[in-house]
Each structure stands twice: as structure tokens, then as C-alpha cells.
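Asks: Take this structure, written in C-alpha cells, and hold onto it; I'll ask about it next.
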Amino acid sequence: MSEHRTWLHAKAAGMDLLIATSDLREVVASAPVSPLPGRPAGIAGVVVYEGEFLPVLAWDELPGCVAPPGRPQALAVLRPRLGIPLERLVGTTDLPHGILREPEESDPALPWLGGVAHEEGQVFRLLDADRLVALLRRFRGEH
Amino acid sequence: MGGRFRIPDSLDRCRCHHERGQLLDQSFDDVWAECEDLFAQARKTLASLKEIQPAHVVQASVNALFRTTHTLKGMAGMLGFPSFSRAAHRMEDIFDLMRQGRLRSTDSLVETLEAGMMALEAGLNGLRRGRPEPEDYLFPLRKQLGELEALARPTEGGSQDLTSLLDLPPDLLKALSEYERTRVTALLMSGMPIHGATICLEFATFDERLRVLNEALAALGELVSTLPCDVPEDREGLGFLLLAGCPSLDAAMLPLLEGELVGTALLADPSRVPESLRNPPAAPEEEALPPAPEPEPAAPPPGPPVQEVEILRLPAHRVEALEARLMAVGQLRDAASLLLHKGMDIRDDRPAALMNQIQDGLLEVQKSLLQMRMVRVESLFSRIEPMVKSLSRDTGKPVKLAFQGGDLELERGLLGRLTDPFLHLVRNAVDHGLEPPSERLALGKSEAGSIRLSASQRGRNIRFDIRDDGRGFDLARIETRGVTLGLLKAGQAHTPERLHRLTLEPGFSTQERASQISGRGVGMDVVRSEIEALGGEIHLSSEARRGSLIRLSIPLSRAVVSCLKVRCDRQSFGIPLGNVVRVQAGDQVHRGGDQVTVFGNSIPMESLQACLGLAEPDGQRSFVVLSTQGASARSVEVAIGVDAILGRGEVLLRSLPELAHAAGIMGGSPQEDGILWVLDPEATLSLAMNSLMRRVAHV
């Protein structure tokens, strides 16, 4: 876990979420998600992105997450070609040195979490793209 | 092509990459593409030489092969591959001997030439991957090629020349090249008269007219020469004498324009050829030659001229640019579809008609673009056959080879990447899989081993099966070797699947000594990594003394699929027509688990909703009977209940990314009313059977 990165700060599934900009392809306006019959767990459906289908994450099916309170405003497209619905974009941030912590073992979001940062009473949760993809693959295997 | 590359730079780049063992520079893409095309054409032409054809067609084919090897020689020299250039030159010489009539086109000769061209092609692929040049690409064929060259050598006293029989002035006779002399001689000895046609053509159009007349003469027989000649004083233009070997020639047989005057004459009658030369006794060297081809029919029907197929070559970067455009077109259509979906006034059907036009037009564009990249699987199979024949000869194992599914189409790049793994697997099957004839006979098998290659589309994948009826994998030996190498723990039970897969591990080989053909412990792991890099899978199975099956499953990225469109649960689905046996709709309401009668047979019915885990309907009046494809499996038929039949159509299928793989769905196609999901028929059948079994078991 490196702190010397720039992070995209967004509100997602009711959380303050940080995504490393190095994990991002781009952030695009949200489009209606087409439901996929027999979809795998953790995937809400697909949108068409650059002429191809892009799977979109179902936040409420991830451990430690709740259903997003509103319609997503944007979609963060991760490099492994996965769309992350975001309710609101806050901006980019360089976290102050030393505030990132490993997630606790008891944190239910551990399977997709890359770290947690506390600052001025706010809790930031770091999305680990590799862990998230591995988790979704596990879901598919279990399915 | 000569002017396109600055030779010193090219050489520097080649050397630089050789040293690093990397692929050659991408700027050579068009050179490789041209070489690939040349080899592909040569394969086809060589294969055509095994068929009985009129002499002039054979001659045209040999000439084409001569030109091909000549071009390859030049390109190799330009790129700084002297050994390759030498080898191509040697092949060019053989084709030259053939076109001069010094070597007869026989099956064994053609097989040797096929092996030679394959050796060059394999060498070229090696160069492309940055491998160093071998000293002699044709080393394994040195004996056969040496024999051919010795056979073609002129006998004591020089070769025959019957051009003196031509009724032509000495200055024109002198103008004939050595090749033209040998062709005149060969034609006369085979009983074919030589005719001449003199014509005066206008300066402005002579080249085009000459081409047309040459083609016409080639269609009548064999065009031997086009010689410039004097023009009568009262005319202006360029004069030509066209020499052709054909049964007869008359001005009326030629496509002449108004004002064009042609004179025709019989220049040499084969009856003037001495009897001894018309039926020459076989020279001692020629006894080794297989029998000459059947004599030509007395009046061979003039065959069509050999068609030169125009090849469109596209450098990789252009194809990529085209792909980007294809995606942009797709996005445009998606955006238009979304707009229409949001803003369409239901009282006005013009937007819908317009949208349909856009959709149809774009689909055609997309199909055309996709088609540019597609090649038939038979082009892969065509590489296998000569290799197996050559292996069969080298190993002394007769092989019966069968192909199925050659008409399937694959993206060119995908097929190109499959070639080496495929050749390796077939080579292994001949070398290690099939037993020697004596062993087969002792086992009660036929003397000739069987290798069957098939290609079939299975859902979103294309499947290649390589089956042989040989000895199968020696699992005990694999296990021992696996323990020795530390890949398996001694004393533990290992499943046949595990043992078969072990052969795909790097460096794994049970062969104590490498044969000339395979068994060096490299290859199978390369095969696996290449297949996996394509997103595919490799599966091995075998039965002792019964044979082996190697199954490659490769995902298709995009394709145009003919579908039956249906609706279920307010969602559109496409069912590939290849698996649809019957579509039936009536008044009777059916539910999942019912039996329906189709063609007098009772078959089970399951709703598509149940198959895909959607909410089950109360009942359905329409169903589509699906069946499994392929000859190997026992056909299974199930009626799939749907809410409505919408019709049929072609859709551009986009595959689903790995993270979104859904059971029973092959891919989707964005339409104006949302995404049409294309079913994977085999997987849907499997889901239906599972659902029916759960109903029976009340689970």
C-alpha cells in the first residue's frame, strides 16, 4: 500500500471512497445499466463503453456495503474494465503522509478494501482494484 | 516493394532484434503479411497441381510458383537473411526446371515441393520471432531435392531443341529465350501444334490490348511468347507475334476490336517431330520418375484462364485504426438508439423507420469490416495435410487424415496465432500417438492410423478437436516422470486429468531421446501458454490403446450471428439459428416440465425464464426446439418456452467480458429497445436439462 499517490475522492454506496487514479481508465457520466439475465453476483449489469460491454459493480452485493442511496452520477472505469457507480464526485486528493492504515481483520469490507484513512472525523475507504476483481472472480466461481 | 525500405536501417534493426531475441520491428508487418500471402497462395497452387488439369493450367501454376519463390528470395535478401534467400533460390530453380519441362509435375514431386515451402514458411515464422537463421532451411529435404536436380540435368549431348521446326525467320528464332525454346520443344513433343498470331496495335492502347489477347490465347492453350515484330508500311502502331501452343487458331477465336487486323498461321506441326522424339525411350535417370501424367485428351476443352486473386493487404496499424472506427460507429448507433428510445413520439413512425435504416446500414458496414479480418479455418487445415504426409513418410506410419468444419471463419490474427500450436499438436499425434504399422496390426487395428481434426462453434467459443486412434497417453510413465521432476508427490493417487495436464508443464517430456520430429520437452507448455493467452483452454484426454483427444476452446470476440429473436419477461433474446430445429406457436398453453409434441415426438419443455433464473411465467404458447450440434454427442432436443416470437435477423454479437459472464448468454447486441442478449444454445440446453431434472426431483 503506497500513500504517494493521487486519489479520486467520491461518494459511493454511502461511503467516502478513494480510488487510486493509477487504477482508473477514466470517469464517465453514468448511463442506465442494462440488466443481464443470470448475472454473476457482484455485477449489476452492463453498459456499453467504447463499443464494448462494461460490467458495472453492484455495491449492495459486496461485503460491508449497503445499497447506494441514490442514482449514480458518474461511473469510474477501472483499468481491469469494471465500472464503479459513484453517487457524487468530490475531487482528487493527495493524502497527508502517515494517515493510511491497513484495514482491520474484522472489517467486513476487507475482501475489497485496500486501506482506511481517518482525517478530521471523516473515514475514507480505499478501493483495492486487484482485490475487488479477485473477489468478483471468486463470486463467479462460487456461482 | 524494393523502394519502401532503406536497406541499411532494416538490416540494423533486424540484427538488433536478433541479438535481443525479440520480435522484429512492427514496420515489417507489411513484409510479413506479404510473405504470408505468398505462402498461402503457394500452398493453394501446389495443392491444385495434384489435380488433373489441362497442361496450360499446370504451366500457369508452375509459373506462378516460380514467381512466388523469386519474390521471396528477393525479399529475404533485402531484409538481410542470406540463408533464407539461398533456400528460396533453390526452390525457385526447381520450379524453373518444372516450367522448362525438365521435371514433370507428379504427386511425389509436389509433396517434396510442399515440404520445401513449409520449411521456408516455418523458417520465416522463426525469423519473425527473432530466432537466428539456420545454415540450411532445406537440410531435411536435401536428398529429395538433390535427386530432383540430378533428374532434371540435361543428358549427355545437351537437351533437345525443336524450335528449328518453327516456320519463322532466323532473327525471330534467335529472340526466343531458353525457357521459350524448352516450352516449344515440350509442346511439340507432346503433340501440340504451335500457332502464331501477328497483330498491329495502336500506341495508346497496345498494353491493354496485348493483355486481353494474351489472356485469350492462354485460354485456348499455352501462350509461349510475345515477340515484337515489324509493322506493315501502310499501318502505324506496334507489331507483335504471339506464339501459342493450341490445337487450332483462327482470327475469329480472338477478341478483336474494329480495325484490328490479325494474321494467324500454323508455325510448327507436331507431325514433323521425328517419331523417336515423340515417344522418347525412358532415360536411365528417368526410370526413377513416377509415371508421366495421363496424356491429354485429343481436344482438351479450353479451360478458363487462371484467375489471379487480388489480395488486399492491410498493415496491423491500419486494421487497428479500422477497429477504432468500428467502435466509434457502434457508439454512434448506441447514442442514436438511446435518443430514439427517450424521445420517440409514438404517433410518428418516421424516426423508427430512420433508425431501422441506420441500423441496417451500420450492420452492413460492421459486417464488411469484420469480414475483412476473417479467414476460413480450412486455410489452417491446408497447412496440416502436407506436413502429415511428410511426417508419414519420415516415420513410416501411414496416416488417414480427416477434416471437418473447414468452412468456419475466424479472425485472421487468431488463426495465425493458432497455427504453430496446431502444427505442434498434430506432429505429436503422428510421432508419439500413432503406433508403427506392425504394432497396430498386432493390436488388431488398421495399418493406417487415423487423425481427425474438427472445428465447430460452441456458444461463444470455437472448438478444435484433434483425435487420433493411437496408443493414448502413457499415464504410468507420466506419473513416474512427474515424481522424478518433483511435480507430483510419490505414493499419492493422481487423477487421469491431473496426469494429462502435467504434460503441459514447462520442460515436461517422457521421451528419453528427442526424435527428429518432437519430444524435446518444449512445445506443449508453449501450446498451453499460447492458447491461454488467447483466453482459451486446452483439455487433454486419452484411453490406453484407443487414442487421444486434444480439445482447444478459443473464445470469439465479435461475430455476426443469424438469430431467431424472441421475447421473454420484457427482454429480447436472440437464439443462433444453427441450433434451432423448429419454432412452434399455437393456442395451447404450456408450462415448464410439460411434454410437447413436435414432428410426432414427445419432447420436454422448459421456459427460458426458468433456464436463466428469471421469474417464471404462468404459461407460454410459443416454444423453440433447440438441439445440440456436432456429430460426436447424442443429439438432445428440448423445447424452450418463450413469451413471443419476434422474427429473425442478423446481429453483431459482442462478447461479454469475463467478469460479466452469465450462464446461458453468449453475448449481446445493443438494439433500439435495449440490449438483445444472444443465447449460448448449448449452455441453454444444459440449463434447461438441469431445471427439468430439478422439477422431477422436486428440488
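Chain identifiers are assigned as A, B, and so on, following the order in which chains appear in the C-alpha cells; residues are numbered from 1 within each chain, and ligands are numbered from 1 in order of appearance.
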Could you list the residues in chain A lying within 6 Å of chain B, using only C-alpha atoms, and format the result as an MDAnalysis selection string?

Replies: chainID A and resid 38:39 51 55

Asks: Skip Glu479 (chain B) itself and residues of its chain fewer than 5 positions away, then list as a list of chain:residue names all residues within 8 Å of it, counting only C-alpha atoms.

Replies: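 Final neighbour list, sorted by chain and number: B:Leu488, B:His494, B:Leu499.
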
Asks: Please write the residues from the selection above to a file, keeping C-alpha atoms, as a short mmCIF file (atom, residue, chain, number, x, y, z; two decimals), in the first residue's frame.

Replies:
```cif
data_model
loop_
_atom_site.label_atom_id
_atom_site.label_comp_id
_atom_site.auth_asym_id
_atom_site.auth_seq_id
_atom_site.Cartn_x
_atom_site.Cartn_y
_atom_site.Cartn_z
CA LEU B 488 3.99 -34.95 -8.10
CA HIS B 494 -3.33 -38.80 -9.13
CA LEU B 499 -1.67 -36.56 -15.22
#
```

Asks: Identify, with DSSP run on backbone atoms, the residues in chain A assigned to strand (DSSP E), and express the list as a VMD selection string.

Replies: chain A and resid 6 to 12 15 to 20 24 to 29 43 to 49 52 to 57 74 to 78 82 to 86 88 to 94 100 to 101 113 to 119 122 to 127

Asks: For Arg90 (chain B), please output as a PyMOL selection string all residues within 12 Å (counting only C-alpha atoms; exclusion window: fewer than 5 positions along the same chain).

Replies: chain B and resi 66+69-70+72-73+83-85+95-97+113+116-117+120+136-139+141-142+145-146+148-149

Asks: Keeping only N, CA, C and O atoms, write the selected residues as a JSON list (two decimals), in the first residue's frame.

Replies:
```
[["chain", "number", "residue", "atom", "x", "y", "z"],
["B", 66, "PHE", "N", 7.01, -20.19, -59.51],
["B", 66, "PHE", "CA", 8.35, -19.67, -59.81],
["B", 66, "PHE", "C", 8.44, -18.20, -59.39],
["B", 66, "PHE", "O", 9.39, -17.78, -58.74],
["B", 69, "THR", "N", 8.52, -17.83, -55.45],
["B", 69, "THR", "CA", 9.81, -18.09, -54.80],
["B", 69, "THR", "C", 10.83, -17.02, -55.19],
["B", 69, "THR", "O", 11.69, -16.66, -54.38],
["B", 70, "HIS", "N", 10.70, -16.52, -56.41],
["B", 70, "HIS", "CA", 11.60, -15.45, -56.83],
["B", 70, "HIS", "C", 11.40, -14.22, -55.94],
["B", 70, "HIS", "O", 12.36, -13.59, -55.48],
["B", 72, "LEU", "N", 10.09, -14.17, -52.90],
["B", 72, "LEU", "CA", 10.54, -14.47, -51.53],
["B", 72, "LEU", "C", 12.06, -14.34, -51.43],
["B", 72, "LEU", "O", 12.59, -13.82, -50.45],
["B", 73, "LYS", "N", 12.73, -14.82, -52.45],
["B", 73, "LYS", "CA", 14.20, -14.73, -52.46],
["B", 73, "LYS", "C", 14.64, -13.27, -52.38],
["B", 73, "LYS", "O", 15.50, -12.91, -51.58],
["B", 83, "SER", "N", 20.61, -17.00, -45.75],
["B", 83, "SER", "CA", 20.30, -18.44, -45.84],
["B", 83, "SER", "C", 18.92, -18.65, -46.41],
["B", 83, "SER", "O", 18.69, -19.55, -47.23],
["B", 84, "PHE", "N", 17.98, -17.81, -45.95],
["B", 84, "PHE", "CA", 16.61, -17.92, -46.46],
["B", 84, "PHE", "C", 16.61, -17.65, -47.96],
["B", 84, "PHE", "O", 15.96, -18.35, -48.74],
["B", 85, "SER", "N", 17.35, -16.63, -48.34],
["B", 85, "SER", "CA", 17.41, -16.26, -49.75],
["B", 85, "SER", "C", 17.96, -17.41, -50.59],
["B", 85, "SER", "O", 17.44, -17.71, -51.67],
["B", 95, "PHE", "N", 11.34, -24.93, -59.51],
["B", 95, "PHE", "CA", 10.15, -24.52, -60.27],
["B", 95, "PHE", "C", 10.54, -24.13, -61.70],
["B", 95, "PHE", "O", 9.78, -24.34, -62.65],
["B", 96, "ASP", "N", 11.74, -23.58, -61.84],
["B", 96, "ASP", "CA", 12.20, -23.22, -63.18],
["B", 96, "ASP", "C", 12.38, -24.48, -64.03],
["B", 96, "ASP", "O", 12.01, -24.51, -65.21],
["B", 97, "LEU", "N", 12.94, -25.52, -63.40],
["B", 97, "LEU", "CA", 13.11, -26.79, -64.13],
["B", 97, "LEU", "C", 11.76, -27.36, -64.54],
["B", 97, "LEU", "O", 11.61, -27.92, -65.63],
["B", 113, "LEU", "N", 7.96, -30.54, -52.95],
["B", 113, "LEU", "CA", 7.93, -29.07, -53.05],
["B", 113, "LEU", "C", 7.10, -28.48, -51.91],
["B", 113, "LEU", "O", 7.44, -27.43, -51.36],
["B", 116, "GLY", "N", 9.22, -28.44, -48.97],
["B", 116, "GLY", "CA", 10.20, -27.36, -49.09],
["B", 116, "GLY", "C", 9.59, -26.01, -48.75],
["B", 116, "GLY", "O", 10.19, -25.22, -48.00],
["B", 117, "MET", "N", 8.41, -25.76, -49.28],
["B", 117, "MET", "CA", 7.75, -24.47, -49.00],
["B", 117, "MET", "C", 7.39, -24.37, -47.52],
["B", 117, "MET", "O", 7.46, -23.30, -46.92],
["B", 120, "LEU", "N", 10.39, -23.42, -45.59],
["B", 120, "LEU", "CA", 10.65, -21.98, -45.74],
["B", 120, "LEU", "C", 9.69, -21.18, -44.86],
["B", 120, "LEU", "O", 10.09, -20.22, -44.20],
["B", 136, "ASP", "N", 20.92, -24.16, -43.30],
["B", 136, "ASP", "CA", 20.21, -24.64, -44.49],
["B", 136, "ASP", "C", 18.77, -24.97, -44.12],
["B", 136, "ASP", "O", 18.50, -25.94, -43.43],
["B", 137, "TYR", "N", 17.86, -24.16, -44.57],
["B", 137, "TYR", "CA", 16.44, -24.38, -44.26],
["B", 137, "TYR", "C", 15.94, -25.70, -44.86],
["B", 137, "TYR", "O", 14.99, -26.29, -44.37],
["B", 138, "LEU", "N", 16.58, -26.11, -45.95],
["B", 138, "LEU", "CA", 16.08, -27.28, -46.68],
["B", 138, "LEU", "C", 16.88, -28.53, -46.35],
["B", 138, "LEU", "O", 16.83, -29.52, -47.09],
["B", 139, "PHE", "N", 17.63, -28.48, -45.25],
["B", 139, "PHE", "CA", 18.51, -29.60, -44.93],
["B", 139, "PHE", "C", 17.74, -30.93, -44.86],
["B", 139, "PHE", "O", 18.19, -31.93, -45.44],
["B", 141, "LEU", "N", 15.42, -31.95, -46.49],
["B", 141, "LEU", "CA", 14.96, -32.36, -47.82],
["B", 141, "LEU", "C", 16.11, -32.50, -48.81],
["B", 141, "LEU", "O", 15.90, -32.61, -50.01],
["B", 142, "ARG", "N", 17.33, -32.42, -48.28],
["B", 142, "ARG", "CA", 18.47, -32.33, -49.20],
["B", 142, "ARG", "C", 18.52, -33.50, -50.17],
["B", 142, "ARG", "O", 18.86, -33.35, -51.34],
["B", 145, "LEU", "N", 15.65, -33.18, -52.88],
["B", 145, "LEU", "CA", 15.91, -32.07, -53.80],
["B", 145, "LEU", "C", 17.11, -32.40, -54.70],
["B", 145, "LEU", "O", 17.11, -32.09, -55.90],
["B", 146, "GLY", "N", 18.12, -33.04, -54.12],
["B", 146, "GLY", "CA", 19.30, -33.43, -54.90],
["B", 146, "GLY", "C", 18.92, -34.38, -56.03],
["B", 146, "GLY", "O", 19.40, -34.26, -57.17],
["B", 148, "LEU", "N", 16.00, -34.63, -57.46],
["B", 148, "LEU", "CA", 15.23, -33.90, -58.47],
["B", 148, "LEU", "C", 16.17, -33.13, -59.40],
["B", 148, "LEU", "O", 16.01, -33.14, -60.62],
["B", 149, "GLU", "N", 17.15, -32.46, -58.80],
["B", 149, "GLU", "CA", 18.08, -31.67, -59.61],
["B", 149, "GLU", "C", 18.88, -32.57, -60.54],
["B", 149, "GLU", "O", 19.14, -32.23, -61.70]]
```

Asks: Which one is closest to Ala119 (chain B): B:Val224, B:Ala88, B:Cys35, B:Ala150? Count only C-alpha atoms.

Replies: B:Ala88

Asks: Would you mind listing what lies within 6 Å of Ala268 (chain B) as a list in words, with only C-alpha atoms counted and same-chain residues fewer than 5 positions away left out?

Replies: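 So, after excluding close chain neighbours, the residues are Leu165, Leu166, Pro193 and Ile194 of chain B.
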
Asks: Please provide the set of residues having any atom within 8 Å of Arg101 (chain A), restricted to only C-alpha atoms, with same-chain residues fewer than 5 positions apart removed, written as a list in words.

Replies: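 Non-adjacent residues within range: Gly115, Val116 and Ala117 of chain A.
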
Asks: Enumerate, as a ChimeraX atom specification, the complete set of residues in region 106-197 of chain B that a backbone-based DSSP assignment places in alpha helix (DSSP H).

Replies: /B:107-128,142-152,170-174,178-189

Asks: When you look at Val46 (chain A) with a cut-off of 6 Å (counting only C-alpha atoms), what residues show up, excluding the ones that are within fewer than 6 positions of it in the same chain? I need them as a list in words.

Replies: Val33, Ser34, Phe53, Leu54, Pro55 and Val56 of chain A
